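The file work.cif contains mmCIF, C-alpha atoms; chains and numbers go by the auth columns:
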data_my_file
loop_
_atom_site.group_PDB
_atom_site.id
_atom_site.type_symbol
_atom_site.label_atom_id
_atom_site.label_comp_id
_atom_site.label_asym_id
_atom_site.label_seq_id
_atom_site.Cartn_x
_atom_site.Cartn_y
_atom_site.Cartn_z
_atom_site.B_iso_or_equiv
_atom_site.auth_seq_id
_atom_site.auth_asym_id
ATOM 1 C CA MET A 1 12.528 139.966 22.291 0.00 99 A
ATOM 2 C CA GLY A 2 9.558 140.563 20.014 0.00 100 A
ATOM 3 C CA GLY A 3 6.933 143.118 20.807 0.00 101 A
ATOM 4 C CA LYS A 4 7.182 146.836 20.647 0.00 102 A
ATOM 5 C CA LEU A 5 8.062 149.079 23.557 0.00 103 A
ATOM 6 C CA THR A 6 5.392 151.663 24.080 0.00 104 A
ATOM 7 C CA GLY A 7 4.960 154.565 26.405 0.00 105 A
ATOM 8 C CA THR A 8 7.605 156.700 28.023 0.00 106 A
ATOM 9 C CA VAL A 9 9.716 156.308 31.081 0.00 107 A
ATOM 10 C CA SER A 10 9.473 159.252 33.402 0.00 108 A
ATOM 11 C CA ARG A 11 11.984 159.487 36.205 0.00 109 A
ATOM 12 C CA VAL A 12 12.181 162.598 38.281 0.00 110 A
ATOM 13 C CA ALA A 13 15.840 161.864 39.034 0.00 111 A
ATOM 14 C CA ASN A 14 16.733 162.221 35.372 0.00 112 A
ATOM 15 C CA SER A 15 14.398 165.079 34.591 0.00 113 A
ATOM 16 C CA ALA A 16 15.839 168.275 33.208 0.00 114 A
ATOM 17 C CA SER A 17 13.422 170.096 35.517 0.00 115 A
ATOM 18 C CA VAL A 18 15.184 168.942 38.693 0.00 116 A
ATOM 19 C CA CYS A 19 17.163 171.825 40.153 0.00 117 A
ATOM 20 C CA TRP A 20 18.871 172.955 43.315 0.00 118 A
ATOM 21 C CA ASP A 21 15.605 174.420 44.620 0.00 119 A
ATOM 22 C CA ASP A 22 14.299 170.833 44.712 0.00 120 A
ATOM 23 C CA VAL A 23 17.218 169.922 46.978 0.00 121 A
ATOM 24 C CA ARG A 24 16.378 172.873 49.208 0.00 122 A
ATOM 25 C CA VAL A 25 12.757 171.653 49.448 0.00 123 A
ATOM 26 C CA LEU A 26 13.886 168.107 50.242 0.00 124 A
ATOM 27 C CA ARG A 27 16.199 169.437 52.937 0.00 125 A
ATOM 28 C CA ARG A 28 13.347 171.395 54.474 0.00 126 A
ATOM 29 C CA ARG A 29 11.015 168.370 54.442 0.00 127 A
ATOM 30 C CA TRP A 30 13.480 165.615 55.344 0.00 128 A
ATOM 31 C CA PRO A 31 14.934 165.712 58.877 0.00 129 A
ATOM 32 C CA GLY A 32 17.302 162.793 58.305 0.00 130 A
ATOM 33 C CA LYS A 33 20.618 162.626 56.514 0.00 131 A
ATOM 34 C CA LEU A 34 20.442 163.823 52.913 0.00 132 A
ATOM 35 C CA VAL A 35 23.009 162.627 50.380 0.00 133 A
ATOM 36 C CA VAL A 36 23.079 163.883 46.804 0.00 134 A
ATOM 37 C CA LYS A 37 24.457 161.313 44.373 0.00 135 A
ATOM 38 C CA GLY A 38 25.763 162.091 40.917 0.00 136 A
ATOM 39 C CA VAL A 39 28.017 165.019 41.765 0.00 137 A
ATOM 40 C CA LEU A 40 30.884 165.330 39.277 0.00 138 A
ATOM 41 C CA SER A 41 32.250 168.819 39.894 0.00 139 A
ATOM 42 C CA ALA A 42 33.677 170.784 42.789 0.00 140 A
ATOM 43 C CA GLU A 43 31.258 173.612 42.000 0.00 141 A
ATOM 44 C CA ASP A 44 28.226 171.325 42.311 0.00 142 A
ATOM 45 C CA ALA A 45 29.631 169.908 45.547 0.00 143 A
ATOM 46 C CA ARG A 46 29.868 173.422 47.017 0.00 144 A
ATOM 47 C CA ILE A 47 26.356 174.246 45.800 0.00 145 A
ATOM 48 C CA ALA A 48 25.051 171.030 47.377 0.00 146 A
ATOM 49 C CA LEU A 49 26.586 172.069 50.693 0.00 147 A
ATOM 50 C CA ASP A 50 24.977 175.488 50.379 0.00 148 A
ATOM 51 C CA HIS A 51 21.649 173.654 50.060 0.00 149 A
ATOM 52 C CA GLY A 52 22.175 171.728 53.289 0.00 150 A
ATOM 53 C CA VAL A 53 23.128 168.244 52.153 0.00 151 A
ATOM 54 C CA ASP A 54 24.900 165.983 54.594 0.00 152 A
ATOM 55 C CA GLY A 55 26.825 163.992 52.032 0.00 153 A
ATOM 56 C CA ILE A 56 28.089 164.012 48.468 0.00 154 A
ATOM 57 C CA GLY A 57 27.964 160.904 46.283 0.00 155 A
ATOM 58 C CA VAL A 58 30.606 161.211 43.589 0.00 156 A
ATOM 59 C CA SER A 59 29.165 159.102 40.792 0.00 157 A
ATOM 60 C CA ASN A 60 28.546 159.103 37.070 0.00 158 A
ATOM 61 C CA HIS A 61 25.825 156.461 37.531 0.00 159 A
ATOM 62 C CA GLY A 62 27.801 154.087 35.366 0.00 160 A
ATOM 63 C CA GLY A 63 27.867 156.634 32.565 0.00 161 A
ATOM 64 C CA ARG A 64 24.261 155.808 31.713 0.00 162 A
ATOM 65 C CA ASN A 65 23.110 159.386 31.935 0.00 163 A
ATOM 66 C CA PHE A 66 25.690 160.898 29.676 0.00 164 A
ATOM 67 C CA ASP A 67 28.331 158.749 28.037 0.00 165 A
ATOM 68 C CA SER A 68 30.811 161.616 27.913 0.00 166 A
ATOM 69 C CA SER A 69 30.692 162.446 31.607 0.00 167 A
ATOM 70 C CA PRO A 70 34.093 162.393 33.300 0.00 168 A
ATOM 71 C CA PRO A 71 35.156 159.272 35.158 0.00 169 A
ATOM 72 C CA ALA A 72 34.213 159.822 38.782 0.00 170 A
ATOM 73 C CA ILE A 73 37.694 158.825 39.965 0.00 171 A
ATOM 74 C CA ASP A 74 39.146 161.710 37.902 0.00 172 A
ATOM 75 C CA VAL A 75 37.038 164.349 39.681 0.00 173 A
ATOM 76 C CA LEU A 76 37.091 162.861 43.182 0.00 174 A
ATOM 77 C CA ALA A 77 40.156 164.758 44.433 0.00 175 A
ATOM 78 C CA GLY A 78 38.789 168.125 43.322 0.00 176 A
ATOM 79 C CA ILE A 79 35.497 167.463 45.077 0.00 177 A
ATOM 80 C CA VAL A 80 37.174 166.258 48.274 0.00 178 A
ATOM 81 C CA ASP A 81 39.357 169.373 48.259 0.00 179 A
ATOM 82 C CA ALA A 82 36.369 171.650 47.602 0.00 180 A
ATOM 83 C CA VAL A 83 34.290 170.400 50.535 0.00 181 A
ATOM 84 C CA GLY A 84 37.064 169.610 53.006 0.00 182 A
ATOM 85 C CA ASP A 85 35.710 168.365 56.316 0.00 183 A
ATOM 86 C CA ARG A 86 32.339 170.067 55.852 0.00 184 A
ATOM 87 C CA THR A 87 30.621 166.914 54.606 0.00 185 A
ATOM 88 C CA THR A 88 31.072 163.228 53.914 0.00 186 A
ATOM 89 C CA VAL A 89 32.186 162.281 50.424 0.00 187 A
ATOM 90 C CA LEU A 90 31.148 158.866 49.161 0.00 188 A
ATOM 91 C CA PHE A 91 32.547 157.310 45.997 0.00 189 A
ATOM 92 C CA ASP A 92 30.433 155.203 43.667 0.00 190 A
ATOM 93 C CA SER A 93 31.542 154.498 40.129 0.00 191 A
ATOM 94 C CA GLY A 94 33.770 152.005 38.405 0.00 192 A
ATOM 95 C CA VAL A 95 34.517 149.946 41.502 0.00 193 A
ATOM 96 C CA ARG A 96 35.411 146.486 40.262 0.00 194 A
ATOM 97 C CA ARG A 97 38.112 145.319 42.671 0.00 195 A
ATOM 98 C CA GLY A 98 39.548 146.025 46.091 0.00 196 A
ATOM 99 C CA ALA A 99 42.326 148.200 44.654 0.00 197 A
ATOM 100 C CA ASP A 100 39.624 150.561 43.355 0.00 198 A
ATOM 101 C CA VAL A 101 38.327 150.921 46.908 0.00 199 A
ATOM 102 C CA VAL A 102 41.836 151.634 48.210 0.00 200 A
ATOM 103 C CA LYS A 103 42.444 154.277 45.495 0.00 201 A
ATOM 104 C CA ALA A 104 39.196 156.111 46.246 0.00 202 A
ATOM 105 C CA LEU A 105 39.934 156.104 49.988 0.00 203 A
ATOM 106 C CA ALA A 106 43.483 157.316 49.370 0.00 204 A
ATOM 107 C CA ILE A 107 42.122 160.216 47.327 0.00 205 A
ATOM 108 C CA GLY A 108 39.862 161.185 50.219 0.00 206 A
ATOM 109 C CA ALA A 109 36.501 159.434 49.953 0.00 207 A
ATOM 110 C CA ARG A 110 35.144 158.505 53.388 0.00 208 A
ATOM 111 C CA ALA A 111 33.422 155.375 52.047 0.00 209 A
ATOM 112 C CA VAL A 112 33.080 153.478 48.787 0.00 210 A
ATOM 113 C CA LEU A 113 29.818 152.031 47.516 0.00 211 A
ATOM 114 C CA VAL A 114 30.131 148.579 45.941 0.00 212 A
ATOM 115 C CA GLY A 115 26.625 147.862 44.721 0.00 213 A
ATOM 116 C CA ARG A 116 27.541 146.264 41.411 0.00 214 A
ATOM 117 C CA ALA A 117 29.700 143.550 42.961 0.00 215 A
ATOM 118 C CA THR A 118 27.001 142.608 45.450 0.00 216 A
ATOM 119 C CA LEU A 119 24.305 142.755 42.767 0.00 217 A
ATOM 120 C CA TYR A 120 26.264 140.338 40.576 0.00 218 A
ATOM 121 C CA GLY A 121 26.904 138.081 43.547 0.00 219 A
ATOM 122 C CA CYS A 122 23.207 138.070 44.395 0.00 220 A
ATOM 123 C CA ALA A 123 22.244 137.288 40.799 0.00 221 A
ATOM 124 C CA ALA A 124 24.707 134.400 40.692 0.00 222 A
ATOM 125 C CA ALA A 125 24.069 132.786 44.068 0.00 223 A
ATOM 126 C CA GLY A 126 21.677 134.783 46.226 0.00 224 A
ATOM 127 C CA GLU A 127 22.772 135.733 49.722 0.00 225 A
ATOM 128 C CA ALA A 128 25.768 133.390 49.552 0.00 226 A
ATOM 129 C CA GLY A 129 26.869 135.139 46.357 0.00 227 A
ATOM 130 C CA VAL A 130 26.666 138.534 48.041 0.00 228 A
ATOM 131 C CA ARG A 131 28.778 137.253 50.928 0.00 229 A
ATOM 132 C CA HIS A 132 31.295 135.808 48.459 0.00 230 A
ATOM 133 C CA ALA A 133 31.514 139.108 46.544 0.00 231 A
ATOM 134 C CA ILE A 134 32.099 141.032 49.775 0.00 232 A
ATOM 135 C CA ASP A 135 34.717 138.506 50.899 0.00 233 A
ATOM 136 C CA LEU A 136 36.527 138.823 47.550 0.00 234 A
ATOM 137 C CA LEU A 137 36.563 142.617 47.816 0.00 235 A
ATOM 138 C CA ALA A 138 37.759 142.483 51.425 0.00 236 A
ATOM 139 C CA ASN A 139 40.611 140.175 50.468 0.00 237 A
ATOM 140 C CA GLU A 140 41.569 142.381 47.515 0.00 238 A
ATOM 141 C CA ILE A 141 41.541 145.429 49.798 0.00 239 A
ATOM 142 C CA ASP A 142 43.885 143.624 52.200 0.00 240 A
ATOM 143 C CA VAL A 143 46.238 142.713 49.340 0.00 241 A
ATOM 144 C CA ALA A 144 46.226 146.280 47.959 0.00 242 A
ATOM 145 C CA MET A 145 46.957 147.677 51.417 0.00 243 A
ATOM 146 C CA ALA A 146 49.858 145.267 51.822 0.00 244 A
ATOM 147 C CA MET A 147 51.196 146.242 48.400 0.00 245 A
ATOM 148 C CA VAL A 148 51.390 149.920 49.399 0.00 246 A
ATOM 149 C CA GLY A 149 52.576 149.139 52.938 0.00 247 A
ATOM 150 C CA VAL A 150 49.694 150.217 55.151 0.00 248 A
ATOM 151 C CA THR A 151 47.970 148.239 57.861 0.00 249 A
ATOM 152 C CA ARG A 152 44.958 150.509 58.387 0.00 250 A
ATOM 153 C CA LEU A 153 42.718 152.304 55.891 0.00 251 A
ATOM 154 C CA ASP A 154 43.096 155.587 57.760 0.00 252 A
ATOM 155 C CA GLN A 155 46.808 155.539 56.859 0.00 253 A
ATOM 156 C CA LEU A 156 45.985 156.014 53.182 0.00 254 A
ATOM 157 C CA ASP A 157 46.498 159.349 51.482 0.00 255 A
ATOM 158 C CA ARG A 158 47.310 160.585 48.007 0.00 256 A
ATOM 159 C CA SER A 159 51.019 159.986 48.446 0.00 257 A
ATOM 160 C CA TYR A 160 50.330 156.314 47.743 0.00 258 A
ATOM 161 C CA LEU A 161 49.043 157.105 44.258 0.00 259 A
ATOM 162 C CA ALA A 162 51.044 157.809 41.128 0.00 260 A
ATOM 163 C CA PRO A 163 50.624 161.327 39.785 0.00 261 A
ATOM 164 C CA PRO A 164 48.120 161.431 36.929 0.00 262 A
ATOM 165 C CA ALA A 165 49.568 161.136 33.438 0.00 263 A
ATOM 166 C CA PRO A 166 49.316 164.270 31.306 0.00 264 A
ATOM 167 C CA ARG A 167 46.391 164.197 28.901 0.00 265 A
#
Translate the structure of the given file into structure tokens.
Amino acid sequence: MGGKLTGTVSRVANSASVCWDDVRVLRRRWPGKLVVKGVLSAEDARIALDHGVDGIGVSNHGGRNFDSSPPAIDVLAGIVDAVGDRTTVLFDSGVRRGADVVKALAIGARAVLVGRATLYGCAAAGEAGVRHAIDLLANEIDVAMAMVGVTRLDQLDRSYLAPPAPR
């Protein structure tokens, strides 16, 4: 690409100085719904609730922040169990096909974020590409549901998943 990159990138979201007190301040200042994304432990999920968040986004941000972070799907159940019905748990990491959506919902996520698929669709074909990506995911979700024998997403639970293999 030629040229030399100069300067530094400063992002508050990735700053080591960001702490739970910042969440408390945001909660005090923001009257709307507040979702904290990037939660990868049950302890952090409970702390987030203690700081007044309305939702938890279980995500490793694509592993960009720390390559050795756990896969979000591996920690989802523990987080769902830790917060129970006290907040909404969203899942956002590693979603590549409809079966991934079904798995996350079966574990207990209330919704699954599919930004990468729509981003790729947009890059390939604009709005029509986004629609196509969403249609593909919807079809794959339907197929996955049929494979496990459910007709509605609210029928899913962990009994439809194989127990995790020992590590």
Size and centre in Å, one decimal, axis-aligned box, all listed range 194-208 of chain A atoms plus 8 Å per side, as AutoDock Vina command-line options:
--center_x 39.3 --center_y 153.3 --center_z 46.8 --size_x 24.3 --size_y 31.9 --size_z 29.1
Between CA of Ile177 in chain A and CA of Arg126 in chain A lies a distance of 24.4 Å
Expanded to explicit residues, what is the PyMOL selection byres ((chain A and resi 238) around 12) for this file, as a list in words? Val193, Arg194, Arg195, Gly196, Ala197, Asp198, Val199, Val200, Ala231, Ile232, Asp233, Leu234, Leu235, Ala236, Asn237, Ile239, Asp240, Val241, Ala242, Met243, Ala244 and Met245 of chain A
What residues have an atom no more than 12 Å from (20.5, 173.4, 42.9) in the file's own frame, counting only C-alpha atoms, and can you write them as a PyMOL selection string? chain A and resi 114-125+134+137+141-151
To one decimal place, how far is CA of Ser166 in chain A from CA of Asp255 in chain A in Å?
->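 Calculated distance between CA of Ser166 in chain A and CA of Asp255 in chain A is 28.4 Å.
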**Report entry** Spatial neighbours of Asp172 in chain A, 12 Å, all atoms listed in the file, chain gap at least 3 places, as a ChimeraX atom specification
**Finding:** /A:138-140,156-158,167-169,175-178,189,191-192,201-202,205,261-263,265
Correct to one decimal, the distance CA of Arg229 in chain A-CA of Ala215 in chain A is 10.2 Å
Protein/DNA/RNA residues near (29.0, 164.2, 53.2), cut 6 Å, only C-alpha atoms, as a PyMOL selection string: chain A and resi 152-154+185-187
